[in-house]
Amino acid sequence: MGYDGGVASLAAEGGERRRCYPLYPDSEAQGERLLVDAARVGDQGAIAELYNRYFPRVYRYMLVRTGNVGDAEDLTEEVFIRILDALDRFEWRQVPFSAWLFRIAHNAVVSHQRRDGARGRLSSLSPSLPVNTQGPEEAVEARLALDEVMEATRNLPEAQRRVIALRFGAGLSVAETARALGKSGGNVKVIQHKAIVKLRELLVEKRPEGDEEKA
Amino acid sequence: MKRRLEETLEECLAALARGQSTVSECLALYPELETLLHTARRLQKIYAADPSPLYAQAARERFLAALARRRQRRLVARPARPSWRWVPAAVGSAALIAFAAWASVLALGGGGGSQQPSISVTEITPTSTPEPVVSDIQGQVERLKANLEEVRTGAASGAVEPDVIQQLKENTAALVASLDQPPALEPEAVSQIRDLFADQEKVLSEVKEKVPLLPAEDVDEIIRIAGAGRARVEEMLSPSPTATPSATPTASPSATPTATPEESPTSTATPTATPPATVTPEVTPTPAPQPTPSPPPEGGEEPSPSATAAP
């Protein structure tokens with residue numbers, strides 16, 4: 001039930017109908033549009049495919065925003081439930097689907113923070129969190145690095161945190177990030193630059209002297 | 001200079017993401033980016049954390065289950081109209097036609113002249129509006145709650161999307177419309193709807209002041225609709241005998257036979273509390289009603305030109 005290269009097919013329920021969504025890079029936006037339109041009218045296969053596409057990105061976004069695996073997991077699921085409820089009301093009004101989706105994600109984070117009454121609960125990352133490494137030593141090191149970066153990210157101002165989460169967590173382009181935030185591309189680049197400078201400062205502060213280059 | 005640094009940093013990051021360049025190539029062009037580029041690359045690498053496979057699998061199953069539930073709810077909310085739904089209407093129509101024919105025969109056979117009472121008979125046709133079901137209303141309530149939460153959230157961050165306001169308006173109107181023919185809702189559910197409307201009025205009044213860029217007329221209209229909905233729900237919570245909604249048949253004019261008074265169908269036309277009267281008897285004063293059919297009149301019978309049908 002996934003995309004299978006250049007021309008991916010999604011079978012509708014029972015395999016009665018099959019729809020094709022092109023996935024060549026130059027037609028990726030068009031492919032996503034077809035996919036989203038199919039999902040909007042209730043195509044279960046298209047909805048499942050959108051979920052597959054965006055699930056890891058939303059999860060990473062949430063991880064950056066909350067700095068907490070448990071919260072990231074809960075909020076990721078909440079976002080997709082919200083999307084299910086809102087999908088038929090989505091309209092292609094200047095914003096791409098990704099921007100719309102991550103606005104919902106942002107709203108979920110804000111609601112969560114209000115519920116918790118805190119700006120992100122602090123807790124160490126789950127030991128079960130895989131960090132794309134190979135050996136156990138590397139995994140430990142990577143986990144520590146992730147903890148360190150998360151903590152530094154939590155100290156960024158809200159706007160910088162949102163840009164970092166969208167750019168490096170969700171993997172959005174500058175243009176998509178700008179649409180999601182309702183800002184200009186130039187503004188996003190400025191915020192991104194400031195955030196990276198600030199993060200570097202925070203990470204270097206944590207390091208022992210002579211170890212700055214790792215930041 | 002600083003602005004240029006932002007541009008070149010993004011240029012390098014984009015080139016790296018597309019695989020069109022390497023870090024060393026970027027740094028050869030822009031050595032001033034060294035520290036920033038390394039930090040950015042490190043962020044990219046570290047944030048590429050995947051969810052644990054166990055969680056991902058469980059989350060996917062929960063999502064698919066939610067998807068299936070929603071699909072089922074949609075199907076329940078829009079049931080196919082069964083063919084037997086029209087059976088009572090067909091039987092009713094046939095009875096009316098038979099009655100009209102019988103009355104005509106009686107009138108032709110024993111009409112008492114031009115002073116016979118004329119009765120306008122209106123045909124009762126079933127309404128075609130599908131009645132909402134409980135799950136439909138529950139779904140609407142949930143959607144409304146989610147909308148309201150979005151408005152709250154948006155207001156907290158200083159901006160509410162116009163789409164959200166529009167959705168709130170549509171969903172509020174839909175819920176209020178559903179209450180015109182409410183299914184058998186539990187009192188608790190009705191109270192919940194009332195509280196939701198009240199909450200909505202309160203939140204929107206606050207939001208209107210906090211977020212000046214909102215379209216005030218839309219917000220006012222939503223508040224008005226929610227107020228109407230709340231009043232309707234309160235009416236449901238304290239029912240009066242006249243407030244019991246019934247099927248609202250529409251009336252349309254039909255044959256207007258003339259009949260003797262004792263054949264008047266008024267006994268079947270029990271007026272209900274609902275405004276549209278189902279049968280409007282229009283009895284022309286008869287100086288000397290004749291209990292038994294009289295011989296055929298000389299000039300035949302004319303349907304009453306004043307035959308009217310209640311809307």
# chains A, B, ... in the order shown; residues from 1 in each chain; ligands from 1
>>> interface_residues(of="chain B", to="chain A", cutoff="7 Å", atoms="only C-alpha atoms", output="compact mmCIF listing (two decimals) with C-alpha atoms, in the first residue's frame")
# COMPACT_ATOMS: atom_id res chain seq x y z
CA GLU B 6 22.16 33.91 6.31
CA GLU B 7 21.69 33.58 2.59
CA GLU B 10 20.90 28.47 3.49
CA LEU B 36 27.68 27.47 11.53
CA THR B 39 26.50 23.05 13.85
CA ALA B 40 23.71 22.90 11.29
CA LEU B 43 21.53 19.35 14.16
CA GLN B 44 20.34 17.67 10.99
CA ILE B 46 20.88 14.42 15.53
CA TYR B 47 17.30 15.37 14.82
CA ALA B 48 16.95 12.55 12.34
CA ALA B 49 15.84 10.37 15.24
CA ASP B 50 13.28 7.78 14.32
CA PRO B 51 10.48 6.69 16.61
CA SER B 52 10.92 3.30 18.16
CA ALA B 59 0.58 4.17 16.65
CA GLU B 150 -8.27 25.71 17.78
CA THR B 153 -5.10 28.09 20.78
>>> residues_around(residues="segment 219-228 of chain B", least_positions_apart="4", cutoff="8 Å", atoms="only C-alpha atoms", output="count of residues only")
16
>>> decode(residues="segment 19-109 of chain A", atoms="C-alpha atoms", output="PDB file, in the first residue's frame")
ATOM      1  CA  ARG A  19      -5.350   5.330  -8.367  1.00  0.00           C
ATOM      2  CA  CYS A  20      -1.938   6.351  -9.531  1.00  0.00           C
ATOM      3  CA  TYR A  21       0.061   9.127  -7.986  1.00  0.00           C
ATOM      4  CA  PRO A  22       3.239  10.100  -9.857  1.00  0.00           C
ATOM      5  CA  LEU A  23       6.236  10.459  -7.661  1.00  0.00           C
ATOM      6  CA  TYR A  24       9.013  11.719  -9.910  1.00  0.00           C
ATOM      7  CA  PRO A  25      10.818  14.569  -8.168  1.00  0.00           C
ATOM      8  CA  ASP A  26       9.659  17.161 -10.686  1.00  0.00           C
ATOM      9  CA  SER A  27       6.059  16.152 -10.187  1.00  0.00           C
ATOM     10  CA  GLU A  28       6.256  15.515  -6.479  1.00  0.00           C
ATOM     11  CA  ALA A  29       4.076  18.491  -5.615  1.00  0.00           C
ATOM     12  CA  GLN A  30       1.483  17.409  -8.148  1.00  0.00           C
ATOM     13  CA  GLY A  31       1.657  13.850  -6.827  1.00  0.00           C
ATOM     14  CA  GLU A  32       1.068  15.058  -3.312  1.00  0.00           C
ATOM     15  CA  ARG A  33      -1.821  17.162  -4.491  1.00  0.00           C
ATOM     16  CA  LEU A  34      -3.489  14.139  -6.038  1.00  0.00           C
ATOM     17  CA  LEU A  35      -2.831  12.164  -2.905  1.00  0.00           C
ATOM     18  CA  VAL A  36      -4.275  14.863  -0.657  1.00  0.00           C
ATOM     19  CA  ASP A  37      -7.312  15.325  -2.876  1.00  0.00           C
ATOM     20  CA  ALA A  38      -7.956  11.605  -2.775  1.00  0.00           C
ATOM     21  CA  ALA A  39      -7.592  11.609   0.999  1.00  0.00           C
ATOM     22  CA  ARG A  40      -9.990  14.521   1.332  1.00  0.00           C
ATOM     23  CA  VAL A  41     -12.777  12.561  -0.288  1.00  0.00           C
ATOM     24  CA  GLY A  42     -12.169   9.620   1.982  1.00  0.00           C
ATOM     25  CA  ASP A  43      -9.784   7.390   0.036  1.00  0.00           C
ATOM     26  CA  GLN A  44      -8.466   5.192   2.826  1.00  0.00           C
ATOM     27  CA  GLY A  45      -5.352   4.221   0.909  1.00  0.00           C
ATOM     28  CA  ALA A  46      -4.439   7.835   0.284  1.00  0.00           C
ATOM     29  CA  ILE A  47      -4.960   8.705   3.938  1.00  0.00           C
ATOM     30  CA  ALA A  48      -2.750   5.825   4.991  1.00  0.00           C
ATOM     31  CA  GLU A  49      -0.095   6.924   2.517  1.00  0.00           C
ATOM     32  CA  LEU A  50      -0.138  10.484   3.826  1.00  0.00           C
ATOM     33  CA  TYR A  51       0.251   9.061   7.307  1.00  0.00           C
ATOM     34  CA  ASN A  52       3.269   7.049   6.220  1.00  0.00           C
ATOM     35  CA  ARG A  53       4.819  10.090   4.625  1.00  0.00           C
ATOM     36  CA  TYR A  54       4.350  12.496   7.453  1.00  0.00           C
ATOM     37  CA  PHE A  55       4.459  10.349  10.554  1.00  0.00           C
ATOM     38  CA  PRO A  56       8.262  10.414  11.062  1.00  0.00           C
ATOM     39  CA  ARG A  57       8.429  14.094  10.238  1.00  0.00           C
ATOM     40  CA  VAL A  58       5.694  15.016  12.671  1.00  0.00           C
ATOM     41  CA  TYR A  59       7.330  12.841  15.297  1.00  0.00           C
ATOM     42  CA  ARG A  60      10.685  14.596  14.882  1.00  0.00           C
ATOM     43  CA  TYR A  61       8.999  17.965  14.909  1.00  0.00           C
ATOM     44  CA  MET A  62       7.313  17.055  18.184  1.00  0.00           C
ATOM     45  CA  LEU A  63      10.546  15.764  19.604  1.00  0.00           C
ATOM     46  CA  VAL A  64      12.230  19.074  18.934  1.00  0.00           C
ATOM     47  CA  ARG A  65       9.287  21.091  20.212  1.00  0.00           C
ATOM     48  CA  THR A  66       8.736  19.118  23.402  1.00  0.00           C
ATOM     49  CA  GLY A  67      12.169  17.645  24.063  1.00  0.00           C
ATOM     50  CA  ASN A  68      10.433  14.647  25.494  1.00  0.00           C
ATOM     51  CA  VAL A  69       9.817  11.271  23.889  1.00  0.00           C
ATOM     52  CA  GLY A  70       6.584  10.540  25.733  1.00  0.00           C
ATOM     53  CA  ASP A  71       5.063  13.877  24.842  1.00  0.00           C
ATOM     54  CA  ALA A  72       6.321  13.621  21.274  1.00  0.00           C
ATOM     55  CA  GLU A  73       4.646  10.246  20.891  1.00  0.00           C
ATOM     56  CA  ASP A  74       1.342  11.397  22.378  1.00  0.00           C
ATOM     57  CA  LEU A  75       1.257  14.586  20.370  1.00  0.00           C
ATOM     58  CA  THR A  76       2.178  12.886  17.119  1.00  0.00           C
ATOM     59  CA  GLU A  77      -0.830  10.641  17.445  1.00  0.00           C
ATOM     60  CA  GLU A  78      -3.027  13.547  18.464  1.00  0.00           C
ATOM     61  CA  VAL A  79      -1.977  15.485  15.383  1.00  0.00           C
ATOM     62  CA  PHE A  80      -3.003  12.692  13.055  1.00  0.00           C
ATOM     63  CA  ILE A  81      -6.367  12.349  14.742  1.00  0.00           C
ATOM     64  CA  ARG A  82      -6.881  16.089  14.333  1.00  0.00           C
ATOM     65  CA  ILE A  83      -5.897  15.794  10.699  1.00  0.00           C
ATOM     66  CA  LEU A  84      -8.449  13.038  10.202  1.00  0.00           C
ATOM     67  CA  ASP A  85     -11.140  15.324  11.551  1.00  0.00           C
ATOM     68  CA  ALA A  86     -10.048  18.344   9.547  1.00  0.00           C
ATOM     69  CA  LEU A  87      -8.944  16.772   6.291  1.00  0.00           C
ATOM     70  CA  ASP A  88     -12.219  17.206   4.431  1.00  0.00           C
ATOM     71  CA  ARG A  89     -12.101  20.908   5.242  1.00  0.00           C
ATOM     72  CA  PHE A  90      -8.593  21.420   3.896  1.00  0.00           C
ATOM     73  CA  GLU A  91      -8.490  23.710   0.887  1.00  0.00           C
ATOM     74  CA  TRP A  92      -5.640  24.573  -1.407  1.00  0.00           C
ATOM     75  CA  ARG A  93      -5.577  28.216  -0.470  1.00  0.00           C
ATOM     76  CA  GLN A  94      -2.014  29.316  -1.032  1.00  0.00           C
ATOM     77  CA  VAL A  95      -0.653  27.052   1.661  1.00  0.00           C
ATOM     78  CA  PRO A  96       0.790  23.683   0.786  1.00  0.00           C
ATOM     79  CA  PHE A  97      -0.479  20.650   2.624  1.00  0.00           C
ATOM     80  CA  SER A  98       2.701  20.363   4.679  1.00  0.00           C
ATOM     81  CA  ALA A  99       2.305  23.919   5.959  1.00  0.00           C
ATOM     82  CA  TRP A 100      -1.307  23.240   6.902  1.00  0.00           C
ATOM     83  CA  LEU A 101      -0.346  20.007   8.638  1.00  0.00           C
ATOM     84  CA  PHE A 102       2.406  21.589  10.681  1.00  0.00           C
ATOM     85  CA  ARG A 103       0.118  24.414  11.719  1.00  0.00           C
ATOM     86  CA  ILE A 104      -2.096  21.760  13.221  1.00  0.00           C
ATOM     87  CA  ALA A 105       0.980  20.277  14.848  1.00  0.00           C
ATOM     88  CA  HIS A 106       1.909  23.662  16.264  1.00  0.00           C
ATOM     89  CA  ASN A 107      -1.591  24.142  17.650  1.00  0.00           C
ATOM     90  CA  ALA A 108      -1.391  20.740  19.277  1.00  0.00           C
ATOM     91  CA  VAL A 109       1.876  21.711  20.960  1.00  0.00           C
TER      92      VAL A 109
END
